[in-house]
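Beneath this line is the structure, given in structure tokens, with notes to follow.
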Amino acid sequence: MRKKIVAGNWKMNLDYQEGVSLFSEIAHMVKDEVYGQQEVVVCSPYIHLYALAELSKGIDRISVGAENLYQEEAGAYTGEISAKQIKSTGASYVIVGHSERRAYFGETNEVLAQKIDVALKFQLKPIYCVGETKEERESEQYFEVIREQLQKGVFHLSAEAFAQVVLAYEPVWAIGTGLTASPEQAQEVHAYIRKCVAEKYDETLANDTTILYGGSCNPKNAPDLFSQADIDGGLIGGASLKSRDFTDIVKVFN
Ligand code: 13P
């Protein structure tokens, strides 16, 4: 059975104290209220990682992740952060290829493939994001766009390495807009992604791959989204900044 995961992506929000306080609230709620097999991942700005990883110790199901990393292992890259540095904080996940990184920082599928490699080399589990823009959806190009993001970003991996990757489908038009993909729209793409994985690797690996949905996910729409056959959880932006909303989304899998 593949893992169910609800991951938060705080993006560039919360100062150090606010982040520690929010995580403490989430950790308490998760400890008291969550009893399914689902895993909770909180992806935060780098400044929070070590403190959150310390707080997560002793709570089995919560892990911490970074929102990005640099593709080189070390060196003269002022202001960047490496996989090894992230790993040393106690974090275990890293988001790779979020649409905001692709759009605002020009991250290409080729650079993202390097980021995936270096993350895996240092035992960080990548959450690799794919998704189409509004124009690509309207012109019915979304399957092609997503296939290319998968082919160039992660399909160079061996089956063994790919097994460490979590995928996330985040339609760009649904991020932070309040426009959620309908459960049927999301399911259609999730099933397609799983088919691409099966074609590249095999059915077993495809069935074991966790595929998250992201884009205006909230406690109201999460039950319908997460009940779709190929949706294994969510990557949550805005609602992950509120402990009650985030935990309620996690509890959909109770
Ligand atoms: P929102 O949930 O705010 O739409 O953000 C989704 C997202 O980008 C998560 O990575």
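Order determines the names: the first chain of the structure tokens is A, the second B, and so forth; residues in each chain are numbered 1 upward, and ligands are numbered 1 upward as they are shown.
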task: Considering only C-alpha atoms, return as a list in words whatever protein or nucleic-acid residues lie within 8 Å of stretch 174-176 of chain A, sequence-local ones (same chain, fewer than 5 positions apart) excluded.
output: Ala181, Gly214, Gly215, Ser216, Gly237 and Gly238 of chain A
- request: Could you give me, as a PyMOL selection string, the residues within 9 Å of stretch 60-71 of chain A, counting only C-alpha atoms and dropping anything in the same chain fewer than 6 positions from it?
  value: chain A and resi 7+9-11+27+30-31+37-46+49-50+52-53+77+80-83+86+90-98+101+111-119+124-125
field: Every residue of stretch 60-228 of chain A that DSSP places in alpha helix (DSSP H), as a ChimeraX atom specification
entry: /A:83-88,99-104,109-121,134-138,142-153,159-162,183-200,203-208,222-226
task: Using backbone DSSP assignments, extract all strand (DSSP E) residues from stretch 21-94 of chain A; output them as a PyMOL selection string.
output: chain A and resi 39-44+62-66+93-94
Writer output for current selection, C-alpha atoms, as a PDB file, in the first residue's frame:
```pdb
ATOM      1  CA  GLU A  39       2.262  10.919   7.326  1.00  0.00           C
ATOM      2  CA  VAL A  40       2.490  14.651   7.952  1.00  0.00           C
ATOM      3  CA  VAL A  41       5.275  16.714   6.417  1.00  0.00           C
ATOM      4  CA  VAL A  42       5.829  20.394   7.156  1.00  0.00           C
ATOM      5  CA  CYS A  43       7.987  22.154   4.573  1.00  0.00           C
ATOM      6  CA  SER A  44       9.282  25.433   5.915  1.00  0.00           C
ATOM      7  CA  ILE A  62       5.622  14.176  11.525  1.00  0.00           C
ATOM      8  CA  SER A  63       8.586  15.016   9.337  1.00  0.00           C
ATOM      9  CA  VAL A  64      10.114  18.262   8.227  1.00  0.00           C
ATOM     10  CA  GLY A  65      11.149  19.336   4.750  1.00  0.00           C
ATOM     11  CA  ALA A  66      12.744  22.234   2.901  1.00  0.00           C
ATOM     12  CA  TYR A  93      12.037  15.916   2.595  1.00  0.00           C
ATOM     13  CA  VAL A  94      12.598  18.670   0.053  1.00  0.00           C
TER      14      VAL A  94
END
```
message: Taking only C-alpha atoms and all ligand atoms into account, name the residue in A:Phe143, A:Tyr16, A:Tyr213, A:Phe253 that is nearest to ligand 1.
response: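 Among the listed residues, A:Tyr213 lies closest to ligand 1.
Among the candidate residues A:Phe105, A:Phe162, A:Tyr142, A:Phe23, the one lying nearest to A:Thr209 is A:Phe162, with distances computed using only C-alpha atoms.
The environment of A:Asn221 within 10 Å, counting only C-alpha atoms and disregarding residues fewer than 6 places along the same chain, consists of A:Thr180, A:Ala181, A:Ser182, A:Pro183, A:Ile249.
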- request: Go through A:Tyr35, A:Phe226, A:Tyr169, A:Phe122 and flag the residue nearest ligand 1, using only C-alpha atoms and all ligand atoms for the distances.
  value: A:Tyr169
query: Using only C-alpha atoms, which residue out of A:Ile26, A:Pro171, A:Ser21, A:Glu54 lies closest to A:Thr247?
result: A:Ile26
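In this model, the gap between atom CA of A:Lys251 and atom 2 (O, counted along the ligand's line) of ligand 1 comes to 16.6 Å.
Each of A:Lys57, A:Lys220, A:Arg102, A:His190 was compared to A:Arg147 using only C-alpha atoms, and A:His190 turns out to be the nearest.
Counting from atom CA of A:Glu132, the distance to atom CA of A:Ser99 is 8.8 Å.
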